[in-house]
>>> print(open('model-v5.cif').read())   # mmCIF, C-alpha atoms
data_query
loop_
_atom_site.label_atom_id
_atom_site.label_comp_id
_atom_site.auth_asym_id
_atom_site.auth_seq_id
_atom_site.Cartn_x
_atom_site.Cartn_y
_atom_site.Cartn_z
CA MET A 1 0.00 0.00 0.00
CA ALA A 2 1.33 3.40 -0.97
CA SER A 3 1.97 5.60 2.03
CA LEU A 4 -0.33 8.45 2.85
CA THR A 5 0.86 11.99 2.12
CA LEU A 6 -0.15 15.19 3.89
CA ASP A 7 -2.28 16.52 1.01
CA GLN A 8 -4.63 13.57 1.63
CA LEU A 9 -5.26 14.57 5.25
CA ALA A 10 -8.83 15.82 5.74
CA ILE A 11 -9.53 19.08 7.57
CA GLY A 12 -9.84 18.47 11.30
CA LYS A 13 -7.67 15.33 11.23
CA GLU A 14 -4.27 14.86 12.79
CA ALA A 15 -1.18 12.95 11.76
CA ILE A 16 2.49 12.27 12.48
CA VAL A 17 5.17 12.91 9.86
CA THR A 18 6.99 9.72 8.89
CA ARG A 19 9.20 10.89 6.04
CA LEU A 20 10.08 13.90 3.88
CA VAL A 21 10.44 12.74 0.29
CA CYS A 22 11.93 15.98 -1.08
CA THR A 23 15.60 17.01 -1.02
CA GLY A 24 17.72 20.15 -1.08
CA ALA A 25 16.19 23.57 -0.48
CA SER A 26 12.59 22.39 -0.24
CA ARG A 27 13.49 19.78 2.38
CA ARG A 28 15.51 22.39 4.27
CA ARG A 29 12.57 24.78 4.14
CA LEU A 30 10.12 22.25 5.58
CA MET A 31 12.54 21.38 8.36
CA ASP A 32 13.06 25.07 9.17
CA LEU A 33 9.32 25.41 9.50
CA GLY A 34 9.49 22.65 12.10
CA ILE A 35 8.27 19.77 9.94
CA LEU A 36 10.45 16.72 10.62
CA PRO A 37 9.82 12.99 10.91
CA GLY A 38 7.92 12.53 14.17
CA THR A 39 6.31 15.98 14.09
CA HIS A 40 2.63 16.17 14.98
CA LEU A 41 0.47 17.94 12.36
CA ALA A 42 -3.18 18.92 12.17
CA ALA A 43 -5.07 20.14 9.11
CA ASP A 44 -6.87 23.21 10.50
CA PHE A 45 -8.56 24.76 7.49
CA ALA A 46 -8.33 25.13 3.73
CA SER A 47 -8.49 28.24 1.58
CA PRO A 48 -11.68 28.65 -0.52
CA LEU A 49 -10.19 26.80 -3.46
CA GLY A 50 -8.73 24.08 -1.27
CA ASP A 51 -5.10 25.04 -1.91
CA PRO A 52 -3.18 26.01 0.16
CA VAL A 53 -4.19 24.34 3.41
CA ALA A 54 -3.28 25.68 6.85
CA TYR A 55 -1.64 23.12 9.12
CA ARG A 56 -0.93 23.47 12.80
CA VAL A 57 2.74 22.71 13.43
CA ARG A 58 4.31 23.19 16.86
CA ASP A 59 1.73 25.80 17.85
CA ALA A 60 1.95 27.82 14.67
CA LEU A 61 -0.24 27.84 11.59
CA ILE A 62 1.71 27.07 8.45
CA ALA A 63 0.11 27.26 5.00
CA LEU A 64 1.39 24.66 2.56
CA ARG A 65 0.55 24.21 -1.08
CA ARG A 66 -0.71 20.87 -2.24
CA ALA A 67 2.56 20.26 -4.09
CA GLN A 68 4.52 20.76 -0.86
CA ALA A 69 2.12 18.69 1.23
CA ARG A 70 2.47 15.85 -1.24
CA GLN A 71 6.15 15.60 -0.30
CA ILE A 72 5.35 14.83 3.32
CA GLU A 73 4.51 11.24 4.21
CA ILE A 74 2.32 10.79 7.25
CA GLU A 75 0.76 8.28 9.55
CA LEU A 76 -2.80 8.97 10.68
CA LEU A 77 -3.45 9.62 14.34
CA GLN A 78 -6.51 8.21 16.16
CA GLY A 79 -6.92 5.59 13.43
CA GLY A 80 -9.87 6.32 11.15
CA GLN A 81 -10.02 7.52 7.58
CA PRO A 82 -7.82 10.26 6.08
CA MET B 1 23.94 64.83 36.16
CA THR B 2 24.89 61.37 37.31
CA GLY B 3 28.14 62.36 38.97
CA HIS B 4 27.03 61.23 42.41
CA SER B 5 25.81 57.79 41.50
CA SER B 6 27.17 55.00 43.64
CA ALA B 7 28.00 51.45 42.66
CA ALA B 8 24.66 50.33 44.07
CA CYS B 9 22.88 52.63 41.62
CA GLU B 10 24.65 51.02 38.68
CA SER B 11 22.90 47.70 39.17
CA CYS B 12 19.48 49.18 39.80
CA PRO B 13 17.12 48.72 36.86
CA ALA B 14 15.28 51.95 37.57
CA TYR B 15 18.53 53.86 37.34
CA ASN B 16 19.42 52.26 34.05
CA GLN B 17 16.07 52.96 32.50
CA ALA B 18 16.86 56.62 33.06
CA MET B 19 20.19 56.06 31.35
CA LEU B 20 18.48 55.15 28.09
CA LYS B 21 18.38 57.98 25.59
CA LYS B 22 16.48 57.37 22.40
CA LEU B 23 18.41 58.80 19.51
CA GLY B 24 15.91 58.12 16.73
CA VAL B 25 17.56 58.12 13.33
CA ASN B 26 20.74 59.68 14.64
CA VAL B 27 23.28 56.89 14.25
CA GLU B 28 26.51 58.85 13.94
CA ALA B 29 29.69 58.02 15.83
CA VAL B 30 28.32 54.89 17.40
CA ASP B 31 30.34 52.74 19.78
CA TYR B 32 28.49 49.50 19.14
CA VAL B 33 26.26 47.97 16.48
CA VAL B 34 23.42 45.75 17.70
CA ALA B 35 21.44 43.51 15.35
CA LEU B 36 17.89 42.41 16.12
CA ALA B 37 17.13 38.96 14.74
CA GLY B 38 14.31 36.50 15.30
CA ASN B 39 11.38 34.61 13.83
CA PRO B 40 8.59 36.65 12.24
CA ASN B 41 6.15 38.17 14.75
CA THR B 42 8.25 37.92 17.86
CA GLY B 43 8.27 41.64 18.56
CA LYS B 44 11.54 42.75 16.99
CA SER B 45 10.07 45.94 15.63
CA THR B 46 8.25 46.69 18.88
CA LEU B 47 11.56 46.40 20.66
CA PHE B 48 13.28 48.46 17.97
CA ASN B 49 10.74 51.26 18.39
CA ALA B 50 10.90 51.08 22.20
CA LEU B 51 14.67 51.53 22.20
CA THR B 52 15.08 54.11 19.43
CA GLY B 53 11.89 56.10 19.94
CA LEU B 54 11.12 55.68 16.27
CA ARG B 55 7.68 54.80 15.04
CA GLN B 56 8.80 53.06 11.95
CA HIS B 57 6.24 50.44 11.22
CA VAL B 58 8.35 47.76 9.70
CA GLY B 59 6.12 45.56 7.65
CA ASN B 60 7.11 42.87 5.21
CA TRP B 61 10.42 42.67 3.48
CA ALA B 62 9.41 41.12 0.20
CA GLY B 63 11.47 41.78 -2.90
CA LYS B 64 15.00 42.92 -3.42
CA THR B 65 14.42 46.57 -2.55
CA VAL B 66 14.99 45.96 1.09
CA ALA B 67 16.35 48.61 3.40
CA ARG B 68 17.22 47.46 6.88
CA ALA B 69 15.62 49.63 9.52
CA GLU B 70 18.30 51.41 11.52
CA GLY B 71 18.02 53.58 14.58
CA GLY B 72 20.08 54.70 17.52
CA PHE B 73 20.05 54.87 21.29
CA SER B 74 22.54 55.66 23.97
CA PHE B 75 22.92 53.81 27.23
CA ASN B 76 25.41 54.49 30.00
CA ASN B 77 27.07 57.10 27.79
CA LYS B 78 27.71 54.66 24.98
CA ARG B 79 26.06 55.12 21.62
CA TYR B 80 24.50 52.15 19.90
CA LYS B 81 23.22 51.62 16.40
CA LEU B 82 20.30 49.20 16.30
CA VAL B 83 19.60 47.26 13.10
CA ASP B 84 16.19 45.63 12.73
CA LEU B 85 16.57 42.55 10.54
CA PRO B 86 13.81 40.74 8.65
CA GLY B 87 12.04 38.01 10.59
CA THR B 88 13.25 34.57 9.58
CA TYR B 89 12.90 30.95 10.64
CA SER B 90 16.38 29.99 9.56
CA LEU B 91 19.71 31.19 8.21
CA LEU B 92 19.95 28.26 5.83
CA SER B 93 17.07 28.66 3.43
CA THR B 94 17.40 30.82 0.39
CA SER B 95 14.72 33.49 0.57
CA THR B 96 15.77 37.13 0.25
CA ASP B 97 14.76 37.92 3.82
CA GLU B 98 16.86 35.16 5.19
CA GLU B 99 19.82 36.17 3.09
CA ILE B 100 19.70 39.72 4.42
CA ALA B 101 19.55 38.57 8.01
CA ARG B 102 22.24 35.96 7.45
CA ASP B 103 24.65 38.29 5.63
CA PHE B 104 24.37 40.95 8.26
CA ILE B 105 24.97 38.61 11.18
CA LEU B 106 27.81 36.82 9.40
CA PHE B 107 29.61 39.60 7.64
CA GLY B 108 28.23 42.84 9.06
CA GLN B 109 29.86 41.71 12.29
CA PRO B 110 27.55 43.40 14.78
CA SER B 111 28.96 43.89 18.28
CA VAL B 112 25.94 42.06 19.66
CA THR B 113 23.14 40.08 18.03
CA VAL B 114 19.93 40.11 20.03
CA VAL B 115 17.77 37.10 19.16
CA VAL B 116 14.17 37.96 19.97
CA VAL B 117 12.27 34.77 20.76
CA ASP B 118 8.57 34.18 21.41
CA ALA B 119 8.28 32.64 24.88
CA THR B 120 4.98 31.03 23.92
CA ARG B 121 6.61 29.16 21.01
CA LEU B 122 10.05 28.50 22.36
CA GLU B 123 10.68 25.20 20.58
CA ARG B 124 10.03 26.74 17.18
CA ASN B 125 12.19 29.76 17.97
CA LEU B 126 15.21 27.85 19.22
CA ASN B 127 16.01 26.60 15.70
CA LEU B 128 17.14 30.05 14.58
CA THR B 129 18.71 30.75 17.98
CA LEU B 130 20.98 27.70 17.72
CA GLN B 131 21.90 28.58 14.14
CA ILE B 132 22.93 32.07 15.23
CA LEU B 133 24.94 30.67 18.15
CA GLU B 134 26.87 28.59 15.60
CA ILE B 135 28.13 31.69 13.82
CA THR B 136 28.66 34.33 16.47
CA ASP B 137 29.79 34.53 20.08
CA HIS B 138 28.12 37.80 20.95
CA VAL B 139 24.49 36.94 21.47
CA VAL B 140 21.77 37.97 23.90
CA VAL B 141 18.45 36.14 23.88
CA ALA B 142 15.44 38.40 24.49
CA LEU B 143 12.72 36.10 25.80
CA ASN B 144 9.86 38.27 24.61
CA LEU B 145 6.08 37.96 25.15
CA ILE B 146 6.75 36.52 28.60
CA ASP B 147 3.48 38.09 29.81
CA GLU B 148 1.52 36.21 27.17
CA ALA B 149 3.33 32.98 28.01
CA GLY B 150 2.28 33.47 31.63
CA ARG B 151 -1.34 33.86 30.57
CA HIS B 152 -1.08 30.55 28.74
CA GLY B 153 0.32 28.88 31.84
CA ILE B 154 3.81 28.60 30.36
CA ARG B 155 6.68 29.19 32.76
CA VAL B 156 10.17 29.43 31.27
CA ASP B 157 13.20 28.65 33.43
CA GLU B 158 15.32 31.40 31.90
CA ARG B 159 18.36 30.70 34.08
CA HIS B 160 18.47 27.10 32.98
CA LEU B 161 18.00 28.21 29.38
CA ALA B 162 20.85 30.70 29.71
CA ARG B 163 23.11 27.96 31.09
CA LYS B 164 22.20 25.62 28.25
CA LEU B 165 22.65 28.23 25.53
CA GLY B 166 25.70 29.84 27.12
CA VAL B 167 24.45 33.39 26.58
CA PRO B 168 22.32 35.82 28.63
CA VAL B 169 18.56 35.22 28.46
CA VAL B 170 16.39 38.20 29.43
CA PRO B 171 12.65 37.67 29.99
CA MET B 172 10.71 40.67 28.77
CA ALA B 173 7.48 42.12 27.44
CA ALA B 174 8.52 44.77 24.92
CA ARG B 175 4.94 45.94 24.42
CA LYS B 176 4.71 46.86 28.10
CA MET B 177 8.33 48.07 28.26
CA GLN B 178 9.07 45.33 30.80
CA GLY B 179 12.58 43.95 30.93
CA LEU B 180 14.13 46.72 28.83
CA PRO B 181 16.67 47.86 31.46
CA GLU B 182 17.79 44.27 32.01
CA LEU B 183 18.10 43.75 28.26
CA LEU B 184 20.15 46.94 27.86
CA GLN B 185 22.45 45.82 30.63
CA ALA B 186 22.93 42.40 29.02
CA ILE B 187 23.67 44.02 25.65
CA GLU B 188 26.23 46.30 27.30
CA GLN B 189 27.89 43.42 29.13
CA VAL B 190 28.21 41.29 26.03
CA ALA B 191 29.37 44.26 23.90
CA THR B 192 32.11 45.22 26.36
CA GLY B 193 33.10 41.63 27.04
CA ALA B 194 32.16 41.90 30.73
CA TYR B 195 29.94 38.87 30.16
CA VAL B 196 31.90 36.11 28.46
CA THR B 197 29.50 33.95 26.48
CA ARG B 198 29.96 30.23 25.91
CA PRO B 199 27.60 29.66 22.99
CA HIS B 200 26.14 26.20 22.53
CA ARG B 201 27.71 24.57 19.47
CA ILE B 202 27.56 21.21 17.77
CA GLN B 203 30.45 19.22 19.24
CA GLN B 204 30.57 15.91 17.46
CA ARG B 205 31.15 15.89 13.73
CA ASP B 206 32.04 13.14 11.34
CA PRO B 207 35.86 12.98 10.92
CA GLY B 208 35.47 12.87 7.13
CA LEU B 209 33.39 16.04 7.22
CA ASP B 210 35.90 17.71 9.50
CA HIS B 211 38.69 16.91 7.08
CA ALA B 212 36.76 18.32 4.09
CA LEU B 213 35.84 21.40 6.10
CA ARG B 214 39.44 22.11 7.05
CA GLU B 215 40.60 21.83 3.44
CA LEU B 216 37.90 24.11 2.15
CA GLU B 217 38.38 26.57 4.99
CA THR B 218 42.09 26.82 4.21
CA ALA B 219 41.33 27.48 0.54
CA LEU B 220 38.76 30.12 1.45
CA LEU B 221 41.10 31.94 3.80
CA ARG B 222 43.83 31.90 1.17
CA GLU B 223 41.60 33.91 -1.18
CA PHE B 224 39.71 35.91 1.42
CA PRO B 225 42.11 36.39 4.33
CA ASP B 226 39.67 38.59 6.26
CA LEU B 227 36.62 36.39 5.76
CA PRO B 228 34.85 35.97 9.07
CA ASN B 229 33.16 32.63 9.68
CA ALA B 230 35.11 30.82 6.96
CA GLN B 231 34.17 27.50 8.51
CA TRP B 232 30.48 28.29 8.29
CA VAL B 233 30.89 29.33 4.64
CA ALA B 234 32.75 26.06 3.97
CA LEU B 235 29.95 24.09 5.59
CA ARG B 236 27.35 25.82 3.43
CA LEU B 237 29.36 25.11 0.28
CA LEU B 238 29.55 21.42 1.17
CA ASP B 239 25.80 21.49 1.71
CA GLY B 240 25.40 22.77 -1.87
CA ASP B 241 24.08 26.22 -0.91
CA ALA B 242 23.72 27.90 -4.31
CA SER B 243 23.34 31.42 -2.89
CA ILE B 244 26.65 31.20 -1.04
CA GLU B 245 28.35 29.82 -4.13
CA GLN B 246 26.95 32.68 -6.17
CA ALA B 247 28.01 35.27 -3.60
CA LEU B 248 31.49 33.82 -3.61
CA ARG B 249 31.71 33.93 -7.40
CA GLU B 250 30.63 37.55 -7.42
CA ARG B 251 33.02 38.27 -4.57
CA ARG B 252 30.17 39.61 -2.48
CA LEU B 253 31.29 37.63 0.55
CA GLY B 254 34.76 39.11 0.18
CA ASP B 255 33.43 42.65 -0.20
CA LEU B 256 31.37 42.41 2.91
CA SER B 257 34.40 41.47 4.93
CA ARG B 258 36.87 43.84 3.24
CA GLY B 259 38.57 40.91 1.51
CA GLN B 260 41.13 41.94 -1.09
CA ALA B 261 41.08 38.89 -3.34
CA SER B 262 40.92 39.66 -7.05
CA ALA B 263 37.92 38.54 -9.09
CA PRO B 264 39.96 35.94 -11.05
CA ALA B 265 41.15 34.46 -7.78
CA ALA B 266 37.58 34.12 -6.60
CA ASP B 267 36.69 32.43 -9.88
CA ALA B 268 39.53 29.98 -9.46
CA LEU B 269 38.31 29.19 -5.98
CA ALA B 270 34.76 28.70 -7.22
CA LEU B 271 36.11 26.25 -9.78
CA GLU B 272 38.08 24.46 -7.11
CA ILE B 273 34.90 24.10 -5.08
CA ALA B 274 32.87 22.93 -8.03
CA SER B 275 35.32 20.17 -8.87
#
>>> encode(input="model-v5.cif", output="structure tokens")
Amino acid sequence: MASLTLDQLAIGKEAIVTRLVCTGASRRRLMDLGILPGTHLAADFASPLGDPVAYRVRDALIALRRAQARQIEIELLQGGQP
Amino acid sequence: MTGHSSAACESCPAYNQAMLKKLGVNVEAVDYVVALAGNPNTGKSTLFNALTGLRQHVGNWAGKTVARAEGGFSFNNKRYKLVDLPGTYSLLSTSTDEEIARDFILFGQPSVTVVVVDATRLERNLNLTLQILEITDHVVVALNLIDEAGRHGIRVDERHLARKLGVPVVPMAARKMQGLPELLQAIEQVATGAYVTRPHRIQQRDPGLDHALRELETALLREFPDLPNAQWVALRLLDGDASIEQALRERRLGDLSRGQASAPAADALALEIAS
């Protein structure tokens, strides 16, 4: 089964980061924003067109585009559906 | 005016508050340069305005037409220039804001860099703090928004934090002007060397990396003898930082540190690095 990526996380759901699949500057950027393997994330709300989505990361709201979110592999918290 | 002050007065915060003179945009003949760094929205500009008396609303720093906000103040008869840097999460990413902050801290060689951190989001803020501690010794951490942290039930053990980081940590609430005298005193002590910092640094590195770093550092210093933080520059080059490579090619790193290497020499070095 292909692993779940952050862009598939529904609003109101929470997850743990398992892997960053990007490299170089974009990986660096995500890590600087506090997104590392093991980090707890929550999808708080989406913009009217659904992209970007605002995620809660270490007590701050970070807006990520779908393309960025797709580079973050996650594991769902509290079981359930994405 | 203060001719009769005793030693006891010197350490009294109330006394020192009176010793602060806001100089506004007057930044001539300064004794020390102080940089204000920190994540976005931690109160850097509030602090800047509180110390200089300016009302410059420093908004976003998008685009290349960035002018750092500068102002002055005097404290204990010393004149300081205060430089408000763009808010940034890191010194390693490649946005314009981050480059400005990074270049100033690395090559502008401020006497003191004040890292303004948000006490309610300490974990997030310590990333930049640790990066700054890697490149400069003269740091003061301003633990801002301490009042808001208190409201959220967050208590920060600032003495423990100061021990861990190896630099002064001053709890404050810039909006309410709380902690300013203590901050000024810490800035003065670090600027004059009265407080000797022991900044937290990464200790253990891979021997292979160390070897590569030393070689590159030697090559860098050969071309740019006055380059401060050559080891940090070497580390960035090994990490494939395109902006540093570019700056090196254009001799901008050398210029900032009064390096005298010729442009062809810099090109040769860039080639050496590329190979």
>>> resolve_selection(input="model-v5.cif", expression="the PyMOL selection byres ((chain A) within 7 of (chain B))", output="list in words")
Ala25, Arg28, Arg29, Asp32, Leu33, Gly34, Arg58 and Asp59 of chain A
>>> residues_around(input="model-v5.cif", residues="Tyr55 in chain A", least_positions_apart="3", cutoff="7 Å", atoms="all atoms listed in the file", output="short mmCIF file (atom, residue, chain, number, x, y, z; two decimals) with C-alpha atoms, keeping the file's coordinate frame")
data_model
loop_
_atom_site.label_atom_id
_atom_site.label_comp_id
_atom_site.auth_asym_id
_atom_site.auth_seq_id
_atom_site.Cartn_x
_atom_site.Cartn_y
_atom_site.Cartn_z
CA LEU A 41 0.47 17.94 12.36
CA ALA A 42 -3.18 18.92 12.17
CA ALA A 43 -5.07 20.14 9.11
CA ASP A 44 -6.87 23.21 10.50
CA LEU A 61 -0.24 27.84 11.59
CA ILE A 62 1.71 27.07 8.45
CA ALA A 63 0.11 27.26 5.00
#
>>> residues_around(input="model-v5.cif", residues="Leu85 in chain B", least_positions_apart="6", cutoff="7 Å", atoms="only C-alpha atoms", output="count of residues only")
5
>>> resolve_selection(input="model-v5.cif", expression="the PyMOL selection byres ((chain A and resi 12) around 12)", output="mmCIF file with C-alpha atoms, in the coordinates of the input")
data_model
loop_
_atom_site.group_PDB
_atom_site.id
_atom_site.type_symbol
_atom_site.label_atom_id
_atom_site.label_comp_id
_atom_site.auth_asym_id
_atom_site.auth_seq_id
_atom_site.Cartn_x
_atom_site.Cartn_y
_atom_site.Cartn_z
ATOM 1 C CA LEU A 9 -5.260 14.570 5.250
ATOM 2 C CA ALA A 10 -8.830 15.820 5.740
ATOM 3 C CA ILE A 11 -9.530 19.080 7.570
ATOM 4 C CA LYS A 13 -7.670 15.330 11.230
ATOM 5 C CA GLU A 14 -4.270 14.860 12.790
ATOM 6 C CA ALA A 15 -1.180 12.950 11.760
ATOM 7 C CA LEU A 41 0.470 17.940 12.360
ATOM 8 C CA ALA A 42 -3.180 18.920 12.170
ATOM 9 C CA ALA A 43 -5.070 20.140 9.110
ATOM 10 C CA ASP A 44 -6.870 23.210 10.500
ATOM 11 C CA PHE A 45 -8.560 24.760 7.490
ATOM 12 C CA ALA A 46 -8.330 25.130 3.730
ATOM 13 C CA VAL A 53 -4.190 24.340 3.410
ATOM 14 C CA ALA A 54 -3.280 25.680 6.850
ATOM 15 C CA TYR A 55 -1.640 23.120 9.120
ATOM 16 C CA ARG A 56 -0.930 23.470 12.800
ATOM 17 C CA LEU A 76 -2.800 8.970 10.680
ATOM 18 C CA LEU A 77 -3.450 9.620 14.340
ATOM 19 C CA GLN A 78 -6.510 8.210 16.160
ATOM 20 C CA GLN A 81 -10.020 7.520 7.580
ATOM 21 C CA PRO A 82 -7.820 10.260 6.080
#
>>> atom_distance(input="model-v5.cif", atom1="CA of Gly87 in chain B", atom2="CA of Lys176 in chain B")
20.9 Å
>>> axis_aligned_box(input="model-v5.cif", around="range 70-83 of chain B", padding_each_side="8 Å", output="lines of an AutoDock Vina configuration file")
center_x = 22.9
center_y = 52.2
center_z = 20.8
size_x = 25.7
size_y = 25.8
size_z = 34.5
>>> closest_residue(input="model-v5.cif", among="B:Val30, B:Val141, B:Leu213, B:Thr52", to="Glu182 in chain B", atoms="only C-alpha atoms")
B:Val141
>>> resolve_selection(input="model-v5.cif", expression="the PyMOL selection byres ((chain B and resi 232-235) around 8)", output="MDAnalysis selection string")
chainID B and resid 135 213 216:217 220 229:231 236:239 244
>>> residues_around(input="model-v5.cif", residues="Gly38 in chain A", least_positions_apart="3", cutoff="8 Å", atoms="all atoms listed in the file", output="VMD selection string")
chain A and resid 16 to 18
>>> atom_distance(input="model-v5.cif", atom1="CA of Ile132 in chain B", atom2="CA of Gln68 in chain A")
26.9 Å
